file entry13.tsv (TSV, C-alpha atoms)
chain	number	residue	atom	x	y	z
A	25	MET	CA	99.38	-65.16	36.89
A	26	SER	CA	99.91	-61.55	35.81
A	27	ASP	CA	97.37	-58.95	36.99
A	28	THR	CA	97.47	-57.04	33.68
A	29	MET	CA	96.81	-57.79	30.10
A	30	LYS	CA	97.39	-56.05	26.81
A	31	CYS	CA	94.71	-53.97	25.07
A	32	LEU	CA	94.40	-55.26	21.52
A	33	SER	CA	93.65	-51.71	20.28
A	34	CYS	CA	96.28	-49.50	21.92
A	35	HIS	CA	98.58	-52.30	23.26
A	36	LYS	CA	98.75	-50.81	26.68
A	37	ASP	CA	98.55	-52.70	29.96
A	38	ILE	CA	95.12	-52.72	31.47
A	39	PRO	CA	93.87	-54.55	34.54
A	40	VAL	CA	92.61	-58.06	34.06
A	41	GLY	CA	88.86	-58.20	34.06
A	42	SER	CA	88.39	-54.74	32.54
A	43	GLY	CA	85.57	-54.52	30.12
A	44	PHE	CA	86.92	-51.37	28.44
A	45	CYS	CA	90.37	-49.98	27.83
A	46	PRO	CA	90.78	-46.95	30.05
A	47	TYR	CA	93.09	-45.39	27.47
A	48	CYS	CA	91.36	-45.83	24.12
A	49	GLY	CA	87.88	-46.91	25.29
A	50	ALA	CA	87.87	-50.02	23.14
A	51	VAL	CA	85.93	-53.08	24.32
A	52	VAL	CA	88.23	-55.71	25.70
A	53	GLU	CA	88.02	-59.03	23.82
A	54	GLY	CA	85.99	-61.46	25.82
A	55	ALA	CA	83.72	-58.74	27.28
A	56	VAL	CA	79.95	-58.82	26.55
A	57	VAL	CA	77.77	-55.75	26.75
A	58	ASP	CA	74.14	-56.56	27.59
A	59	PRO	CA	71.16	-54.42	26.40
A	60	GLU	CA	71.12	-52.49	29.70
A	61	GLY	CA	74.71	-51.34	29.05
A	62	ASN	CA	76.32	-53.63	31.69
A	63	THR	CA	79.62	-55.21	30.74
A	64	THR	CA	80.37	-58.86	31.59
A	65	VAL	CA	83.96	-59.96	31.23
A	66	LEU	CA	84.31	-63.47	29.93
A	67	GLY	CA	87.44	-65.52	30.26
A	68	VAL	CA	88.46	-64.57	33.73
A	69	GLY	CA	89.98	-67.83	34.98
A	70	MET	CA	89.29	-69.49	31.52
A	71	SER	CA	91.67	-70.67	28.87
A	72	PRO	CA	91.71	-68.82	25.56
A	73	PHE	CA	89.96	-71.75	23.89
A	74	GLU	CA	87.14	-71.69	26.40
A	75	GLN	CA	86.89	-67.97	26.09
A	76	ASN	CA	86.52	-68.28	22.33
A	77	ASN	CA	83.77	-70.91	22.68
A	78	VAL	CA	81.70	-68.96	25.20
A	79	GLN	CA	78.39	-68.15	23.51
A	80	PRO	CA	76.39	-65.16	24.49
A	81	GLU	CA	73.07	-65.77	26.06
A	82	PRO	CA	70.51	-66.54	23.45
A	83	GLN	CA	67.98	-63.79	22.70
A	84	PRO	CA	64.38	-64.69	21.97
A	85	ALA	CA	63.78	-64.76	18.22
A	86	TRP	CA	60.35	-63.11	18.59
A	87	GLN	CA	59.22	-60.56	21.01
A	88	PRO	CA	55.58	-59.58	21.16
A	89	THR	CA	54.96	-56.03	20.15
A	90	PRO	CA	53.28	-53.92	22.75
A	91	GLU	CA	49.57	-53.71	22.16
A	92	PRO	CA	48.38	-50.22	21.35
A	93	VAL	CA	46.12	-48.52	23.75
A	94	GLN	CA	42.59	-49.09	22.58
A	95	GLN	CA	40.54	-45.99	21.89
A	96	PRO	CA	36.78	-46.03	22.38
A	97	ALA	CA	34.99	-46.62	19.06
A	98	TRP	CA	32.59	-43.74	19.77
A	99	GLN	CA	33.16	-40.58	21.61
A	100	SER	CA	30.31	-38.27	22.40
A	101	ALA	CA	30.60	-34.79	20.97
A	102	PRO	CA	31.16	-32.05	23.49
A	103	GLN	CA	27.89	-30.67	24.70
A	104	PRO	CA	27.36	-26.91	24.19
A	105	ALA	CA	26.73	-24.74	27.14
A	106	PRO	CA	23.01	-24.66	27.96
A	107	GLN	CA	21.13	-21.52	26.84
A	108	PRO	CA	18.20	-20.02	28.72
A	109	ALA	CA	14.83	-21.05	27.28
A	110	TRP	CA	13.60	-17.41	26.94
A	111	GLN	CA	15.53	-14.21	26.41
A	112	PRO	CA	13.86	-10.80	26.55
A	113	ALA	CA	13.87	-8.87	23.25
A	114	PRO	CA	16.05	-5.76	23.22
A	115	GLU	CA	14.04	-2.65	23.92
A	116	PRO	CA	14.01	-0.05	21.11
A	117	ALA	CA	15.50	3.34	21.71
A	118	PRO	CA	12.87	5.75	23.05
A	119	GLN	CA	11.46	8.23	20.52
A	120	PRO	CA	10.28	11.71	21.43
A	121	ALA	CA	6.50	11.91	21.83
A	122	TRP	CA	6.22	14.87	19.42
A	123	GLN	CA	8.33	15.99	16.50
A	124	PRO	CA	7.75	19.25	14.63
A	125	ALA	CA	6.67	18.89	11.01
A	126	PRO	CA	9.29	19.94	8.42
A	127	GLN	CA	8.80	23.47	7.20
A	128	PRO	CA	8.47	23.91	3.41
A	129	GLU	CA	11.09	25.98	1.68
A	130	PRO	CA	9.98	29.54	0.95
A	131	GLN	CA	9.18	30.29	-2.69
A	132	THR	CA	9.83	33.55	-4.49
A	133	TYR	CA	6.91	35.16	-6.28
A	134	ASN	CA	6.66	37.93	-8.79
A	135	GLN	CA	4.45	40.77	-7.68
A	136	ALA	CA	1.90	42.11	-10.18
A	137	PRO	CA	1.73	45.85	-10.93
A	138	PRO	CA	0.20	47.85	-8.03
A	139	GLN	CA	-2.75	49.06	-10.10
A	140	ASN	CA	-3.88	45.45	-10.68
A	141	GLN	CA	-3.05	44.15	-7.22
A	142	GLY	CA	-6.70	43.26	-6.56
A	143	TYR	CA	-6.97	40.96	-9.57
A	144	TYR	CA	-3.55	39.43	-10.25
A	145	GLN	CA	-2.18	36.72	-8.08
A	146	ASN	CA	1.43	36.06	-7.19
A	147	VAL	CA	2.94	33.42	-9.47
A	148	PRO	CA	6.21	31.48	-9.02
A	149	ASN	CA	9.26	32.42	-11.11
A	150	GLN	CA	9.40	30.53	-14.40
A	151	SER	CA	12.73	29.34	-15.79
A	152	ALA	CA	14.02	30.51	-19.13
A	153	THR	CA	13.30	27.13	-20.72
A	154	GLN	CA	9.65	26.99	-19.60
A	155	PRO	CA	7.20	28.17	-22.31
A	156	PRO	CA	4.77	30.94	-21.41
A	157	MET	CA	1.29	29.97	-20.28
A	158	THR	CA	-1.47	29.93	-22.87
A	159	ASN	CA	-5.25	29.97	-22.67
A	160	MET	CA	-5.27	26.16	-22.77
A	161	ASP	CA	-2.82	26.02	-19.86
A	162	MET	CA	-5.07	28.29	-17.78
A	163	THR	CA	-8.16	26.08	-17.91
A	164	VAL	CA	-9.42	24.30	-14.82
A	165	GLY	CA	-7.51	21.06	-14.17
A	166	SER	CA	-4.58	21.95	-16.48
A	167	PRO	CA	-1.12	20.75	-15.26
A	168	MET	CA	0.15	24.34	-15.52
A	169	MET	CA	-2.51	25.40	-13.04
A	170	GLN	CA	-1.63	22.82	-10.37
A	171	PRO	CA	-0.55	24.72	-7.20
A	172	PRO	CA	2.24	23.68	-4.80
A	173	MET	CA	1.20	21.27	-2.08
A	174	GLY	CA	-0.88	23.02	0.54
A	175	GLN	CA	-1.48	26.15	-1.60
A	176	GLN	CA	-4.29	27.28	-3.87
A	177	PRO	CA	-3.80	27.52	-7.65
A	178	MET	CA	-2.56	30.90	-8.82
A	179	TYR	CA	-2.13	32.32	-12.31
A	180	GLN	CA	-1.90	35.53	-14.32
A	181	PRO	CA	-4.02	36.38	-17.39
A	182	PRO	CA	-2.21	36.90	-20.73
A	183	MET	CA	-1.31	40.46	-21.61
A	184	GLY	CA	-4.17	42.32	-23.24
A	185	GLN	CA	-6.91	40.09	-21.80
A	186	PRO	CA	-9.15	40.83	-18.82
A	187	PRO	CA	-7.92	39.44	-15.50
A	188	MET	CA	-9.09	35.98	-14.46
A	189	TYR	CA	-10.02	35.30	-10.89
A	190	GLN	CA	-8.23	32.70	-8.81
A	191	GLN	CA	-9.74	29.20	-8.96
A	192	PRO	CA	-10.06	28.11	-5.29
A	193	MET	CA	-9.90	24.58	-4.08
A	194	SER	CA	-12.85	22.58	-5.39
A	195	MET	CA	-15.75	21.86	-3.06
A	196	ALA	CA	-18.44	19.24	-3.35
A	197	PRO	CA	-21.51	20.49	-5.25
A	198	LEU	CA	-24.57	21.09	-3.11
A	199	LYS	CA	-26.85	19.68	-5.80
A	200	GLN	CA	-26.87	18.75	-9.47
A	201	LEU	CA	-27.96	21.64	-11.66
A	202	LYS	CA	-29.79	21.43	-14.98
A	203	THR	CA	-27.67	21.64	-18.14
A	204	ASN	CA	-30.30	21.15	-20.88
A	205	ARG	CA	-31.55	24.72	-21.35
A	206	GLY	CA	-32.03	25.72	-24.99
A	207	LEU	CA	-33.41	28.63	-26.99
A	208	ALA	CA	-35.94	26.61	-29.02
A	209	LYS	CA	-37.34	24.95	-25.89
A	210	PHE	CA	-37.44	28.32	-24.14
A	211	ILE	CA	-39.46	30.01	-26.93
A	212	LEU	CA	-41.81	27.08	-27.58
A	213	LEU	CA	-42.76	26.41	-23.96
A	214	SER	CA	-43.09	30.12	-23.22
A	215	ILE	CA	-45.65	30.44	-26.03
A	216	ILE	CA	-47.57	27.35	-24.94
A	217	THR	CA	-47.69	28.39	-21.27
A	218	PHE	CA	-48.35	32.07	-22.04
A	219	GLY	CA	-45.02	33.17	-20.57
A	220	ILE	CA	-45.20	31.12	-17.37
A	221	TYR	CA	-42.29	28.86	-18.42
A	222	ALA	CA	-40.10	31.92	-19.05
A	223	ILE	CA	-40.74	33.18	-15.51
A	224	VAL	CA	-40.04	29.74	-14.00
A	225	LEU	CA	-36.83	29.32	-16.04
A	226	MET	CA	-35.45	32.75	-15.13
A	227	THR	CA	-36.30	32.11	-11.47
A	228	CYS	CA	-34.34	28.85	-11.55
A	229	ILE	CA	-31.40	30.61	-13.21
A	230	SER	CA	-31.36	33.34	-10.52
A	231	ASP	CA	-31.24	30.63	-7.85
A	232	ASP	CA	-28.58	28.59	-9.69
A	233	ILE	CA	-26.18	31.50	-10.13
A	234	ASN	CA	-26.37	32.10	-6.37
A	235	VAL	CA	-25.54	28.46	-5.71
A	236	ILE	CA	-22.63	28.53	-8.19
A	237	ALA	CA	-20.99	31.89	-7.43
A	238	SER	CA	-22.08	33.14	-4.00
A	239	ARG	CA	-19.46	31.14	-2.10
A	240	TYR	CA	-16.74	32.87	-4.14
A	241	ASP	CA	-17.87	36.44	-4.88
A	242	GLY	CA	-20.08	36.92	-1.81
A	243	LYS	CA	-22.94	38.37	-3.88
A	244	LYS	CA	-26.60	37.39	-4.17
A	245	THR	CA	-28.87	37.93	-7.13
A	246	MET	CA	-32.46	38.88	-6.37
A	247	ASN	CA	-35.05	36.21	-7.12
A	248	TYR	CA	-36.54	36.76	-10.56
A	249	CYS	CA	-40.16	36.51	-9.34
A	250	LEU	CA	-39.55	39.20	-6.74
A	251	MET	CA	-38.00	41.46	-9.34
A	252	PHE	CA	-40.61	40.73	-12.02
A	253	PHE	CA	-43.75	41.14	-9.91
A	254	ILE	CA	-42.75	43.70	-7.26
A	255	VAL	CA	-39.48	45.63	-7.65
A	256	GLY	CA	-39.68	45.98	-11.42
A	257	PRO	CA	-43.17	47.51	-11.57
A	258	ILE	CA	-42.38	49.80	-8.63
A	259	THR	CA	-39.33	51.22	-10.47
A	260	LEU	CA	-41.27	51.41	-13.78
A	261	GLY	CA	-39.09	48.68	-15.29
A	262	ILE	CA	-35.78	50.40	-14.55
A	263	TYR	CA	-34.67	47.76	-12.06
A	264	SER	CA	-35.49	45.04	-14.62
A	265	ILE	CA	-32.76	46.47	-16.87
A	266	VAL	CA	-30.37	46.77	-13.91
A	267	TRP	CA	-31.13	43.19	-12.90
A	268	MET	CA	-30.39	41.81	-16.40
A	269	HIS	CA	-27.15	43.80	-16.56
A	270	SER	CA	-26.09	42.56	-13.12
A	271	ILE	CA	-26.79	38.88	-13.73
A	272	SER	CA	-25.08	38.97	-17.16
A	273	ALA	CA	-21.95	40.54	-15.66
A	274	ARG	CA	-21.95	38.01	-12.83
A	275	ILE	CA	-22.24	35.05	-15.20
A	276	GLY	CA	-19.37	36.44	-17.30
A	277	ASN	CA	-17.13	36.90	-14.24
A	278	GLU	CA	-17.84	33.35	-13.04
A	279	LEU	CA	-16.97	31.97	-16.49
A	280	GLN	CA	-13.60	33.73	-16.31
A	281	ARG	CA	-12.96	32.66	-12.73
A	282	ARG	CA	-13.58	29.02	-13.57
A	283	GLY	CA	-11.45	29.27	-16.71
A	284	ILE	CA	-14.29	28.35	-19.09
A	285	ASP	CA	-13.47	29.44	-22.63
A	286	TYR	CA	-16.72	31.17	-23.56
A	287	SER	CA	-17.29	34.89	-24.11
A	288	PHE	CA	-20.30	36.35	-22.31
A	289	GLY	CA	-20.91	39.37	-20.10
A	290	ALA	CA	-22.87	42.56	-19.52
A	291	SER	CA	-21.74	43.92	-22.90
A	292	ASP	CA	-23.71	41.15	-24.63
A	293	PHE	CA	-26.86	42.34	-22.86
A	294	TRP	CA	-26.49	45.92	-24.11
A	295	LEU	CA	-25.28	44.91	-27.57
A	296	TRP	CA	-27.79	42.18	-28.43
A	297	CYS	CA	-30.76	42.56	-26.08
A	298	VAL	CA	-31.00	46.39	-26.10
A	299	LEU	CA	-29.42	47.62	-29.33
A	300	GLY	CA	-30.00	44.31	-31.10
A	301	SER	CA	-33.75	44.69	-30.66
A	302	LEU	CA	-33.61	47.12	-33.55
A	303	ILE	CA	-32.79	44.20	-35.88
A	304	ILE	CA	-35.37	41.89	-34.20
A	305	VAL	CA	-32.99	38.90	-33.92
A	306	GLY	CA	-30.73	40.58	-31.33
A	307	PRO	CA	-32.72	39.44	-28.23
A	308	PHE	CA	-32.79	35.86	-29.57
A	309	ILE	CA	-28.99	35.88	-29.94
A	310	TYR	CA	-28.64	37.25	-26.41
A	311	TYR	CA	-30.86	34.58	-24.82
A	312	HIS	CA	-29.05	31.87	-26.78
A	313	LYS	CA	-25.70	33.02	-25.34
A	314	PHE	CA	-27.29	33.55	-21.92
A	315	LEU	CA	-28.68	29.99	-21.72
A	316	LYS	CA	-25.48	28.41	-23.11
A	317	ALA	CA	-23.35	30.28	-20.54
A	318	MET	CA	-25.55	28.97	-17.72
A	319	ASN	CA	-25.32	25.41	-19.10
A	320	LEU	CA	-21.49	25.61	-19.11
A	321	LEU	CA	-21.43	26.94	-15.55
A	322	SER	CA	-23.82	24.22	-14.38
A	323	GLU	CA	-21.73	21.48	-16.01
A	324	ASN	CA	-18.55	22.82	-14.38
A	325	TYR	CA	-20.30	23.14	-11.00
A	326	ASN	CA	-21.64	19.57	-11.16
A	327	ILE	CA	-18.03	18.33	-11.52
A	328	TYR	CA	-15.92	20.70	-9.41
A	329	GLY	CA	-18.49	22.30	-7.13
call {"tool": "encode", "arguments": {"input": "entry13.tsv", "output": "structure tokens"}}
result
Amino acid sequence: MSDTMKCLSCHKDIPVGSGFCPYCGAVVEGAVVDPEGNTTVLGVGMSPFEQNNVQPEPQPAWQPTPEPVQQPAWQSAPQPAPQPAWQPAPEPAPQPAWQPAPQPEPQTYNQAPPQNQGYYQNVPNQSATQPPMTNMDMTVGSPMMQPPMGQQPMYQPPMGQPPMYQQPMSMAPLKQLKTNRGLAKFILLSIITFGIYAIVLMTCISDDINVIASRYDGKKTMNYCLMFFIVGPITLGIYSIVWMHSISARIGNELQRRGIDYSFGASDFWLWCVLGSLIIVGPFIYYHKFLKAMNLLSENYNIYG
């Protein structure tokens, strides 16, 4: 028997029993390649008929599929890292124990003429669009008269009018003063009491004007009883005229300082009470204005002090 055989693909001689042709790589007829890649040569020592009838090994028709790896139906969620039960609050940044108060911006004021320096007060500059101040704007409590924070109200009188004193910060009234004085009541009760009511009324007025104005002008009016019974007779009535002039001027100045729109002063005493006595009704007009001026001052004092 020959040791070689022909390759059916390239027709070259190859050794008997070869599973592959070493020249072309073709599978030799009669060779079986198993799933692992091993080659089994069939027909060695067999006739061609037997080689043709050799059946390959049967393969199982069904192979069980590999079971998948079972996963647990429930998996616990990852636990977060434990936190401490109590954490200290962050400490605030330290603040200085004392801070200086902010300084207000300086304001520019217009200086009044030197000859009126004792009466006029410095007032802030007004813009070109701001209307000039009027008598109504200069009354007590008017918005035009409101001072800057921490300062007292300041104003100037209109040109041609007597200067008005500065209205200081209001103080609580010491007591409530009477505001119901009237000329008819004054005359009637003076007649009924033979002049005693007139003395009592004028004494109360001398005390009230001291309560109203002394804290501002630093003056003190003599008690009417002391003037009427002692000082007046000693000076032969001269001090009585001086006293009436002084209290009239003081009432008029206090009216202007408080911004009360009512005209009264020492000139009314000389015009109506002295010269007006020639026409009989002059003293009555003077006492009417005198009592009304005191009523207005008392009403203002009862509110603003």
call {"tool": "closest_residue", "arguments": {"input": "entry13.tsv", "among": "A:Leu225, A:Ile262, A:Met251, A:Met29", "to": "Gly41 (chain A)", "atoms": "only C-alpha atoms"}}
result
A:Met29
call {"tool": "residues_around", "arguments": {"input": "entry13.tsv", "residues": "Asn319 (chain A)", "least_positions_apart": "5", "cutoff": "9 Å", "atoms": "all atoms listed in the file", "output": "VMD selection string"}}
result
chain A and resid 201 to 206 314 324
call {"tool": "axis_aligned_box", "arguments": {"input": "entry13.tsv", "around": "region 225-229 of chain A", "padding_each_side": "4 Å", "output": "lines of an AutoDock Vina configuration file"}}
result
center_x = -34.1
center_y = 30.8
center_z = -13.8
size_x = 13.4
size_y = 11.9
size_z = 12.6
call {"tool": "closest_residue", "arguments": {"input": "entry13.tsv", "among": "A:Val235, A:Val255, A:Ile215, A:Ala125", "to": "Gly329 (chain A)", "atoms": "all atoms listed in the file"}}
result
A:Val235
call {"tool": "closest_residue", "arguments": {"input": "entry13.tsv", "among": "A:Asn247, A:Gln103, A:Asp231, A:Ile211", "to": "Lys199 (chain A)", "atoms": "only C-alpha atoms"}}
result
A:Asp231
call {"tool": "atom_distance", "arguments": {"input": "entry13.tsv", "atom1": "CA of Arg239 (chain A)", "atom2": "CA of Leu207 (chain A)"}}
result
28.6 Å
